[in-house]
file start_14.cif (mmCIF, C-alpha atoms)
data_coords
#
loop_
_atom_site.label_atom_id
_atom_site.label_comp_id
_atom_site.auth_asym_id
_atom_site.auth_seq_id
_atom_site.Cartn_x
_atom_site.Cartn_y
_atom_site.Cartn_z
CA MET A 1 0.00 0.00 0.00
CA ALA A 2 1.35 3.43 -0.88
CA LYS A 3 1.38 6.06 1.82
CA LYS A 4 0.90 9.45 0.19
CA HIS A 5 2.87 12.52 1.09
CA SER A 6 2.64 15.91 -0.53
CA SER A 7 5.62 17.86 0.77
CA LYS A 8 8.07 19.84 -1.33
CA LYS A 9 9.16 18.04 -4.48
CA ASP A 10 12.87 17.42 -3.97
CA HIS A 11 14.79 14.17 -4.52
CA ALA A 12 17.48 11.92 -3.10
CA ASP A 13 21.03 13.12 -3.65
CA VAL A 14 22.22 9.91 -5.29
CA LEU A 15 25.59 9.29 -6.92
CA THR A 16 24.29 8.29 -10.36
CA ILE A 17 21.54 6.44 -12.17
CA PRO A 18 21.52 3.08 -10.28
CA PRO A 19 21.68 0.63 -13.24
CA LEU A 20 24.95 2.27 -14.30
CA ILE A 21 26.67 0.79 -11.26
CA PRO A 22 26.25 -2.93 -12.06
CA GLY A 23 26.40 -2.09 -15.77
CA THR A 24 29.80 -0.48 -15.29
CA ALA A 25 31.02 -3.43 -13.21
CA ILE A 26 29.93 -5.84 -15.94
CA GLY A 27 31.70 -3.69 -18.54
CA ILE A 28 34.91 -3.50 -16.50
CA GLY A 29 34.81 -7.25 -15.88
CA TRP A 30 34.34 -7.90 -19.59
CA LEU A 31 37.21 -5.56 -20.50
CA LEU A 32 39.54 -7.14 -17.92
CA ASP A 33 38.68 -10.63 -19.13
CA ARG A 34 39.07 -9.71 -22.77
CA TYR A 35 42.10 -7.43 -22.76
CA ALA A 36 44.03 -7.91 -19.50
CA LEU A 37 43.72 -11.36 -17.99
CA ALA A 38 41.12 -13.90 -19.00
CA TRP A 39 39.80 -15.36 -15.76
CA PRO A 40 37.03 -17.88 -16.30
CA VAL A 41 34.94 -19.21 -13.46
CA PRO A 42 36.72 -22.47 -12.48
CA GLY A 43 35.29 -25.77 -13.65
CA ASN A 44 35.22 -28.24 -16.50
CA ALA A 45 32.73 -28.20 -19.36
CA ALA A 46 30.04 -29.91 -17.27
CA ALA A 47 30.48 -27.34 -14.49
CA GLN A 48 30.30 -24.53 -17.04
CA ALA A 49 26.99 -25.92 -18.31
CA VAL A 50 25.66 -25.97 -14.75
CA TYR A 51 26.83 -22.37 -14.26
CA ALA A 52 25.04 -21.36 -17.45
CA ASN A 53 21.81 -23.01 -16.26
CA ILE A 54 22.10 -21.31 -12.87
CA ALA A 55 22.72 -18.03 -14.67
CA VAL A 56 19.54 -18.41 -16.69
CA MET A 57 17.55 -19.13 -13.52
CA LEU A 58 19.13 -16.13 -11.77
CA GLY A 59 18.32 -13.98 -14.80
CA GLY A 60 14.69 -15.06 -14.60
CA LEU A 61 14.64 -14.35 -10.88
CA ALA A 62 16.20 -10.90 -11.42
CA PHE A 63 13.64 -10.07 -14.13
CA THR A 64 10.77 -11.18 -11.91
CA VAL A 65 12.00 -9.25 -8.85
CA PHE A 66 12.56 -6.18 -11.02
CA ALA A 67 9.11 -6.33 -12.65
CA VAL A 68 7.31 -6.94 -9.35
CA SER A 69 9.30 -4.07 -7.79
CA LEU A 70 8.23 -1.66 -10.51
CA TRP A 71 4.52 -2.57 -10.32
CA PRO A 72 3.63 -0.12 -7.49
CA PHE A 73 5.40 2.68 -9.37
CA TRP A 74 3.54 1.91 -12.59
CA LYS A 75 0.25 1.63 -10.71
CA THR A 76 0.66 5.06 -9.08
CA ARG A 77 2.43 6.67 -12.05
CA GLN A 78 5.53 7.39 -9.99
CA ASN A 79 9.02 7.50 -11.46
CA PRO A 80 11.18 4.83 -9.74
CA GLU A 81 14.41 6.72 -10.38
CA PRO A 82 15.81 8.00 -7.07
CA HIS A 83 16.95 11.32 -8.54
CA THR A 84 13.31 12.28 -9.13
CA PRO A 85 10.77 13.41 -6.50
CA THR A 86 8.44 10.95 -4.82
CA ASN A 87 5.26 11.34 -2.85
CA ALA A 88 4.60 7.71 -1.94
CA LEU A 89 6.22 5.18 0.38
CA TYR A 90 5.68 1.61 -0.82
CA THR A 91 5.42 -0.93 1.99
CA SER A 92 3.33 -3.74 0.54
CA GLY A 93 3.97 -6.52 -1.96
CA ILE A 94 7.66 -7.24 -2.42
CA TYR A 95 8.43 -4.15 -0.33
CA ARG A 96 7.24 -6.10 2.75
CA HIS A 97 10.33 -8.31 2.33
CA SER A 98 13.00 -5.94 0.99
CA ARG A 99 13.36 -2.17 1.09
CA ASN A 100 15.49 -2.28 -2.07
CA PRO A 101 14.26 -5.06 -4.35
CA ILE A 102 15.20 -3.14 -7.52
CA TYR A 103 18.84 -2.95 -6.41
CA LEU A 104 18.69 -6.59 -5.38
CA ALA A 105 17.58 -7.41 -8.94
CA PHE A 106 20.59 -5.45 -10.28
CA VAL A 107 23.00 -7.47 -8.11
CA ILE A 108 21.37 -10.76 -9.12
CA THR A 109 21.67 -9.71 -12.78
CA GLN A 110 25.39 -9.05 -12.37
CA MET A 111 25.80 -12.50 -10.79
CA ALA A 112 23.87 -14.08 -13.66
CA VAL A 113 25.97 -12.34 -16.31
CA GLY A 114 29.22 -13.31 -14.58
CA LEU A 115 28.18 -16.95 -14.41
CA PHE A 116 26.71 -17.06 -17.92
CA TRP A 117 29.87 -15.55 -19.45
CA SER A 118 32.06 -17.56 -17.07
CA ASN A 119 33.76 -14.31 -16.11
CA ALA A 120 35.25 -14.34 -12.61
CA TRP A 121 36.02 -10.61 -12.83
CA ILE A 122 32.32 -9.74 -12.97
CA LEU A 123 31.69 -11.90 -9.92
CA LEU A 124 34.68 -10.46 -8.05
CA LEU A 125 33.32 -6.96 -8.68
CA LEU A 126 30.05 -7.80 -6.86
CA PRO A 127 31.25 -6.48 -3.46
CA ALA A 128 32.23 -3.17 -5.11
CA THR A 129 28.82 -2.98 -6.80
CA ILE A 130 27.05 -3.63 -3.51
CA ALA A 131 29.20 -1.07 -1.66
CA ILE A 132 28.65 1.63 -4.29
CA LEU A 133 24.91 0.93 -4.37
CA HIS A 134 24.84 1.05 -0.56
CA TYR A 135 26.79 4.28 -0.04
CA GLY A 136 26.08 6.07 -3.32
CA ILE A 137 22.39 5.26 -3.78
CA ILE A 138 20.71 3.58 -0.81
CA LYS A 139 22.08 5.74 2.03
CA PRO A 140 21.19 9.06 0.30
CA GLU A 141 17.81 7.61 -0.69
CA GLU A 142 17.13 6.56 2.92
CA ALA A 143 18.08 10.03 4.20
CA TYR A 144 15.65 11.57 1.70
CA LEU A 145 12.83 9.19 2.65
CA LEU A 146 13.43 9.86 6.35
CA ARG A 147 13.13 13.61 5.73
CA LEU A 148 10.02 13.09 3.64
CA PHE A 149 8.13 10.43 5.61
CA GLY A 150 9.66 10.67 9.11
CA ASP A 151 8.17 8.22 11.59
CA ASP A 152 6.40 6.18 8.90
CA TYR A 153 9.77 5.45 7.27
CA ARG A 154 11.48 4.83 10.63
CA GLN A 155 8.84 2.22 11.44
CA TYR A 156 9.27 0.66 7.98
CA ILE A 157 13.06 0.45 8.50
CA GLN A 158 12.49 -1.41 11.77
CA GLN A 159 10.16 -3.91 10.12
CA VAL A 160 11.82 -4.60 6.75
CA ARG A 161 15.44 -5.46 5.94
CA ARG A 162 17.42 -3.37 3.52
CA TRP A 163 18.22 -6.21 1.08
CA LEU A 164 16.55 -9.49 2.10
#

call {"tool": "encode", "arguments": {"input": "start_14.cif", "output": "structure tokens"}}
result
Amino acid sequence: MAKKHSSKKDHADVLTIPPLIPGTAIGIGWLLDRYALAWPVPGNAAAQAVYANIAVMLGGLAFTVFAVSLWPFWKTRQNPEPHTPTNALYTSGIYRHSRNPIYLAFVITQMAVGLFWSNAWILLLLPATIAILHYGIIKPEEAYLLRLFGDDYRQYIQQVRRWL
């Protein structure tokens, strides 16, 4: 359920557009693998086939989490981008289980791409992706939502985990 708020129309002071963070990590991992040091995910051909199957399942999971996460925004005609104003706090559906399911979908996508391409660099860049999302996107977004929604957001933080 969306809790409406009609305060001034500012926005979170985020580092960048969030999909650029895992997208950049995937690009760097690809470049390192291609031009510096090829570093495949360890395993024989059978293991690589298993990794590819896991990657496809992770990709499907990421797509599903992403689509379900966007549904409340589509329904209320809100822009999900954190550098735009918001007037609603979503606390139902997938948002009852994760405060940041869209970013979770981005991380799962990076894992899926790393496994599918058998690129260890992309997987090794996951902690950097998570850290940059955390400090560059999530923390400023949380500060914004606290200013905007106050006690409603504080209560939500106490009830729902940041990632899972």

call {"tool": "atom_distance", "arguments": {"input": "start_14.cif", "atom1": "CA of Phe106 in chain A", "atom2": "CA of Leu89 in chain A"}}
result
20.8 Å

call {"tool": "resolve_selection", "arguments": {"input": "start_14.cif", "expression": "the PyMOL selection byres ((chain A and resi 38-40) around 10)", "output": "PyMOL selection string"}}
result
chain A and resi 29-37+41-43+48+114-115+117-122

call {"tool": "resolve_selection", "arguments": {"input": "start_14.cif", "expression": "the PyMOL selection byres ((chain A and resi 139-156) around 7)", "output": "list in words"}}
result
His11, Ala12, Asp13, Val14, Pro82, His134, Tyr135, Gly136, Ile137, Ile138, Ile157, Gln158, Gln159 and Val160 of chain A

call {"tool": "resolve_selection", "arguments": {"input": "start_14.cif", "expression": "the PyMOL selection byres ((chain A and resi 17) around 9)", "output": "PyMOL selection string"}}
result
chain A and resi 14-16+18-21+81-83+137

call {"tool": "write_last_selection", "arguments": {"input": "start_14.cif", "atoms": "C-alpha atoms", "output": "PDB file, in the frame of the given file"}}
result
ATOM      1  CA  VAL A  14      22.220   9.910  -5.290  1.00  0.00           C
ATOM      2  CA  LEU A  15      25.590   9.290  -6.920  1.00  0.00           C
ATOM      3  CA  THR A  16      24.290   8.290 -10.360  1.00  0.00           C
ATOM      4  CA  PRO A  18      21.520   3.080 -10.280  1.00  0.00           C
ATOM      5  CA  PRO A  19      21.680   0.630 -13.240  1.00  0.00           C
ATOM      6  CA  LEU A  20      24.950   2.270 -14.300  1.00  0.00           C
ATOM      7  CA  ILE A  21      26.670   0.790 -11.260  1.00  0.00           C
ATOM      8  CA  GLU A  81      14.410   6.720 -10.380  1.00  0.00           C
ATOM      9  CA  PRO A  82      15.810   8.000  -7.070  1.00  0.00           C
ATOM     10  CA  HIS A  83      16.950  11.320  -8.540  1.00  0.00           C
ATOM     11  CA  ILE A 137      22.390   5.260  -3.780  1.00  0.00           C
TER      12      ILE A 137
END

call {"tool": "axis_aligned_box", "arguments": {"input": "start_14.cif", "around": "range 28-44 of chain A", "padding_each_side": "6 Å", "output": "JSON"}}
result
{"center_x": 39.2, "center_y": -15.9, "center_z": -17.6, "size_x": 21.7, "size_y": 36.7, "size_z": 22.3}

call {"tool": "residues_around", "arguments": {"input": "start_14.cif", "residues": "Asp10 in chain A", "least_positions_apart": "6", "cutoff": "8 Å", "atoms": "all atoms listed in the file", "output": "list in words"}}
result
Thr84, Pro85 and Thr86 of chain A

call {"tool": "atom_distance", "arguments": {"input": "start_14.cif", "atom1": "CA of Ala131 in chain A", "atom2": "CA of Ala112 in chain A"}}
result
18.5 Å

call {"tool": "atom_distance", "arguments": {"input": "start_14.cif", "atom1": "CA of Leu104 in chain A", "atom2": "CA of Ala25 in chain A"}}
result
14.9 Å

call {"tool": "closest_residue", "arguments": {"input": "start_14.cif", "among": "A:Ile94, A:Ile28, A:Val113, A:Phe66", "to": "Ala52 in chain A", "atoms": "all atoms listed in the file"}}
result
A:Val113

call {"tool": "residues_around", "arguments": {"input": "start_14.cif", "residues": "Asn100 in chain A", "least_positions_apart": "3", "cutoff": "9 Å", "atoms": "all atoms listed in the file", "output": "ChimeraX atom specification"}}
result
/A:69,95,103-105,138,161-164

call {"tool": "residues_around", "arguments": {"input": "start_14.cif", "residues": "Ile108 in chain A", "least_positions_apart": "6", "cutoff": "8 Å", "atoms": "only C-alpha atoms", "output": "number ranges by chain"}}
result
A: 58-59, 61-62

call {"tool": "closest_residue", "arguments": {"input": "start_14.cif", "among": "A:Ala88, A:Leu133, A:Leu123, A:Thr109", "to": "Thr76 in chain A", "atoms": "all atoms listed in the file"}}
result
A:Ala88

call {"tool": "residues_around", "arguments": {"input": "start_14.cif", "residues": "Gly93 in chain A", "least_positions_apart": "6", "cutoff": "12 Å", "atoms": "only C-alpha atoms", "output": "ChimeraX atom specification"}}
result
/A:1-2,65,67-73,99,101,160

call {"tool": "build_atoms", "arguments": {"input": "start_14.cif", "residues": "range 87-120 of chain A", "atoms": "N, CA and C atoms", "output": "PDB file, in the coordinates of the input"}}
result
ATOM      1  N   ASN A  87       6.256  10.957  -3.849  1.00  0.00           N
ATOM      2  CA  ASN A  87       5.260  11.340  -2.850  1.00  0.00           C
ATOM      3  C   ASN A  87       4.580  10.117  -2.252  1.00  0.00           C
ATOM      4  N   ALA A  88       5.194   8.939  -2.456  1.00  0.00           N
ATOM      5  CA  ALA A  88       4.600   7.710  -1.940  1.00  0.00           C
ATOM      6  C   ALA A  88       5.686   6.803  -1.360  1.00  0.00           C
ATOM      7  N   LEU A  89       5.360   6.168  -0.254  1.00  0.00           N
ATOM      8  CA  LEU A  89       6.220   5.180   0.380  1.00  0.00           C
ATOM      9  C   LEU A  89       5.570   3.818   0.176  1.00  0.00           C
ATOM     10  N   TYR A  90       6.246   2.930  -0.541  1.00  0.00           N
ATOM     11  CA  TYR A  90       5.680   1.610  -0.820  1.00  0.00           C
ATOM     12  C   TYR A  90       6.114   0.629   0.261  1.00  0.00           C
ATOM     13  N   THR A  91       5.140  -0.010   0.883  1.00  0.00           N
ATOM     14  CA  THR A  91       5.420  -0.930   1.990  1.00  0.00           C
ATOM     15  C   THR A  91       4.703  -2.272   1.836  1.00  0.00           C
ATOM     16  N   SER A  92       4.045  -2.479   0.727  1.00  0.00           N
ATOM     17  CA  SER A  92       3.330  -3.740   0.540  1.00  0.00           C
ATOM     18  C   SER A  92       3.970  -4.514  -0.615  1.00  0.00           C
ATOM     19  N   GLY A  93       3.429  -5.690  -0.886  1.00  0.00           N
ATOM     20  CA  GLY A  93       3.970  -6.520  -1.960  1.00  0.00           C
ATOM     21  C   GLY A  93       5.405  -6.921  -1.638  1.00  0.00           C
ATOM     22  N   ILE A  94       6.259  -6.859  -2.613  1.00  0.00           N
ATOM     23  CA  ILE A  94       7.660  -7.240  -2.420  1.00  0.00           C
ATOM     24  C   ILE A  94       8.366  -6.320  -1.428  1.00  0.00           C
ATOM     25  N   TYR A  95       7.834  -5.117  -1.255  1.00  0.00           N
ATOM     26  CA  TYR A  95       8.430  -4.150  -0.330  1.00  0.00           C
ATOM     27  C   TYR A  95       8.156  -4.522   1.139  1.00  0.00           C
ATOM     28  N   ARG A  96       7.387  -5.564   1.388  1.00  0.00           N
ATOM     29  CA  ARG A  96       7.240  -6.100   2.750  1.00  0.00           C
ATOM     30  C   ARG A  96       8.426  -6.976   3.123  1.00  0.00           C
ATOM     31  N   HIS A  97       9.219  -7.380   2.110  1.00  0.00           N
ATOM     32  CA  HIS A  97      10.330  -8.310   2.330  1.00  0.00           C
ATOM     33  C   HIS A  97      11.688  -7.666   2.101  1.00  0.00           C
ATOM     34  N   SER A  98      11.740  -6.622   1.309  1.00  0.00           N
ATOM     35  CA  SER A  98      13.000  -5.940   0.990  1.00  0.00           C
ATOM     36  C   SER A  98      12.708  -4.469   0.741  1.00  0.00           C
ATOM     37  N   ARG A  99      13.538  -3.601   1.341  1.00  0.00           N
ATOM     38  CA  ARG A  99      13.360  -2.170   1.090  1.00  0.00           C
ATOM     39  C   ARG A  99      13.953  -1.772  -0.261  1.00  0.00           C
ATOM     40  N   ASN A 100      14.801  -2.627  -0.827  1.00  0.00           N
ATOM     41  CA  ASN A 100      15.490  -2.280  -2.070  1.00  0.00           C
ATOM     42  C   ASN A 100      15.473  -3.424  -3.082  1.00  0.00           C
ATOM     43  N   PRO A 101      14.300  -3.914  -3.439  1.00  0.00           N
ATOM     44  CA  PRO A 101      14.260  -5.060  -4.350  1.00  0.00           C
ATOM     45  C   PRO A 101      14.797  -4.734  -5.757  1.00  0.00           C
ATOM     46  N   ILE A 102      14.680  -3.498  -6.200  1.00  0.00           N
ATOM     47  CA  ILE A 102      15.200  -3.140  -7.520  1.00  0.00           C
ATOM     48  C   ILE A 102      16.728  -3.303  -7.530  1.00  0.00           C
ATOM     49  N   TYR A 103      17.386  -2.836  -6.480  1.00  0.00           N
ATOM     50  CA  TYR A 103      18.840  -2.950  -6.410  1.00  0.00           C
ATOM     51  C   TYR A 103      19.258  -4.403  -6.217  1.00  0.00           C
ATOM     52  N   LEU A 104      18.454  -5.156  -5.508  1.00  0.00           N
ATOM     53  CA  LEU A 104      18.690  -6.590  -5.380  1.00  0.00           C
ATOM     54  C   LEU A 104      18.643  -7.252  -6.757  1.00  0.00           C
ATOM     55  N   ALA A 105      17.682  -6.862  -7.580  1.00  0.00           N
ATOM     56  CA  ALA A 105      17.580  -7.410  -8.940  1.00  0.00           C
ATOM     57  C   ALA A 105      18.826  -7.051  -9.761  1.00  0.00           C
ATOM     58  N   PHE A 106      19.362  -5.846  -9.567  1.00  0.00           N
ATOM     59  CA  PHE A 106      20.590  -5.450 -10.280  1.00  0.00           C
ATOM     60  C   PHE A 106      21.761  -6.345  -9.888  1.00  0.00           C
ATOM     61  N   VAL A 107      21.898  -6.631  -8.591  1.00  0.00           N
ATOM     62  CA  VAL A 107      23.000  -7.470  -8.110  1.00  0.00           C
ATOM     63  C   VAL A 107      22.835  -8.900  -8.626  1.00  0.00           C
ATOM     64  N   ILE A 108      21.620  -9.419  -8.601  1.00  0.00           N
ATOM     65  CA  ILE A 108      21.370 -10.760  -9.120  1.00  0.00           C
ATOM     66  C   ILE A 108      21.688 -10.816 -10.612  1.00  0.00           C
ATOM     67  N   THR A 109      21.360  -9.762 -11.339  1.00  0.00           N
ATOM     68  CA  THR A 109      21.670  -9.710 -12.780  1.00  0.00           C
ATOM     69  C   THR A 109      23.179  -9.765 -13.004  1.00  0.00           C
ATOM     70  N   GLN A 110      23.937  -9.012 -12.220  1.00  0.00           N
ATOM     71  CA  GLN A 110      25.390  -9.050 -12.370  1.00  0.00           C
ATOM     72  C   GLN A 110      25.928 -10.449 -12.090  1.00  0.00           C
ATOM     73  N   MET A 111      25.399 -11.118 -11.069  1.00  0.00           N
ATOM     74  CA  MET A 111      25.800 -12.500 -10.790  1.00  0.00           C
ATOM     75  C   MET A 111      25.486 -13.400 -11.978  1.00  0.00           C
ATOM     76  N   ALA A 112      24.289 -13.240 -12.535  1.00  0.00           N
ATOM     77  CA  ALA A 112      23.870 -14.080 -13.660  1.00  0.00           C
ATOM     78  C   ALA A 112      24.776 -13.872 -14.872  1.00  0.00           C
ATOM     79  N   VAL A 113      25.102 -12.623 -15.168  1.00  0.00           N
ATOM     80  CA  VAL A 113      25.970 -12.340 -16.310  1.00  0.00           C
ATOM     81  C   VAL A 113      27.362 -12.925 -16.090  1.00  0.00           C
ATOM     82  N   GLY A 114      27.901 -12.755 -14.882  1.00  0.00           N
ATOM     83  CA  GLY A 114      29.220 -13.310 -14.580  1.00  0.00           C
ATOM     84  C   GLY A 114      29.266 -14.816 -14.746  1.00  0.00           C
ATOM     85  N   LEU A 115      28.230 -15.496 -14.264  1.00  0.00           N
ATOM     86  CA  LEU A 115      28.180 -16.950 -14.410  1.00  0.00           C
ATOM     87  C   LEU A 115      27.950 -17.364 -15.860  1.00  0.00           C
ATOM     88  N   PHE A 116      27.038 -16.680 -16.542  1.00  0.00           N
ATOM     89  CA  PHE A 116      26.710 -17.060 -17.920  1.00  0.00           C
ATOM     90  C   PHE A 116      27.924 -16.889 -18.836  1.00  0.00           C
ATOM     91  N   TRP A 117      28.669 -15.792 -18.649  1.00  0.00           N
ATOM     92  CA  TRP A 117      29.870 -15.550 -19.450  1.00  0.00           C
ATOM     93  C   TRP A 117      31.097 -16.250 -18.891  1.00  0.00           C
ATOM     94  N   SER A 118      30.939 -16.937 -17.768  1.00  0.00           N
ATOM     95  CA  SER A 118      32.060 -17.560 -17.070  1.00  0.00           C
ATOM     96  C   SER A 118      33.185 -16.552 -16.867  1.00  0.00           C
ATOM     97  N   ASN A 119      32.819 -15.413 -16.304  1.00  0.00           N
ATOM     98  CA  ASN A 119      33.760 -14.310 -16.110  1.00  0.00           C
ATOM     99  C   ASN A 119      33.905 -14.049 -14.614  1.00  0.00           C
ATOM    100  N   ALA A 120      35.020 -14.498 -14.047  1.00  0.00           N
ATOM    101  CA  ALA A 120      35.250 -14.340 -12.610  1.00  0.00           C
ATOM    102  C   ALA A 120      35.390 -12.870 -12.224  1.00  0.00           C
TER     103      ALA A 120
END
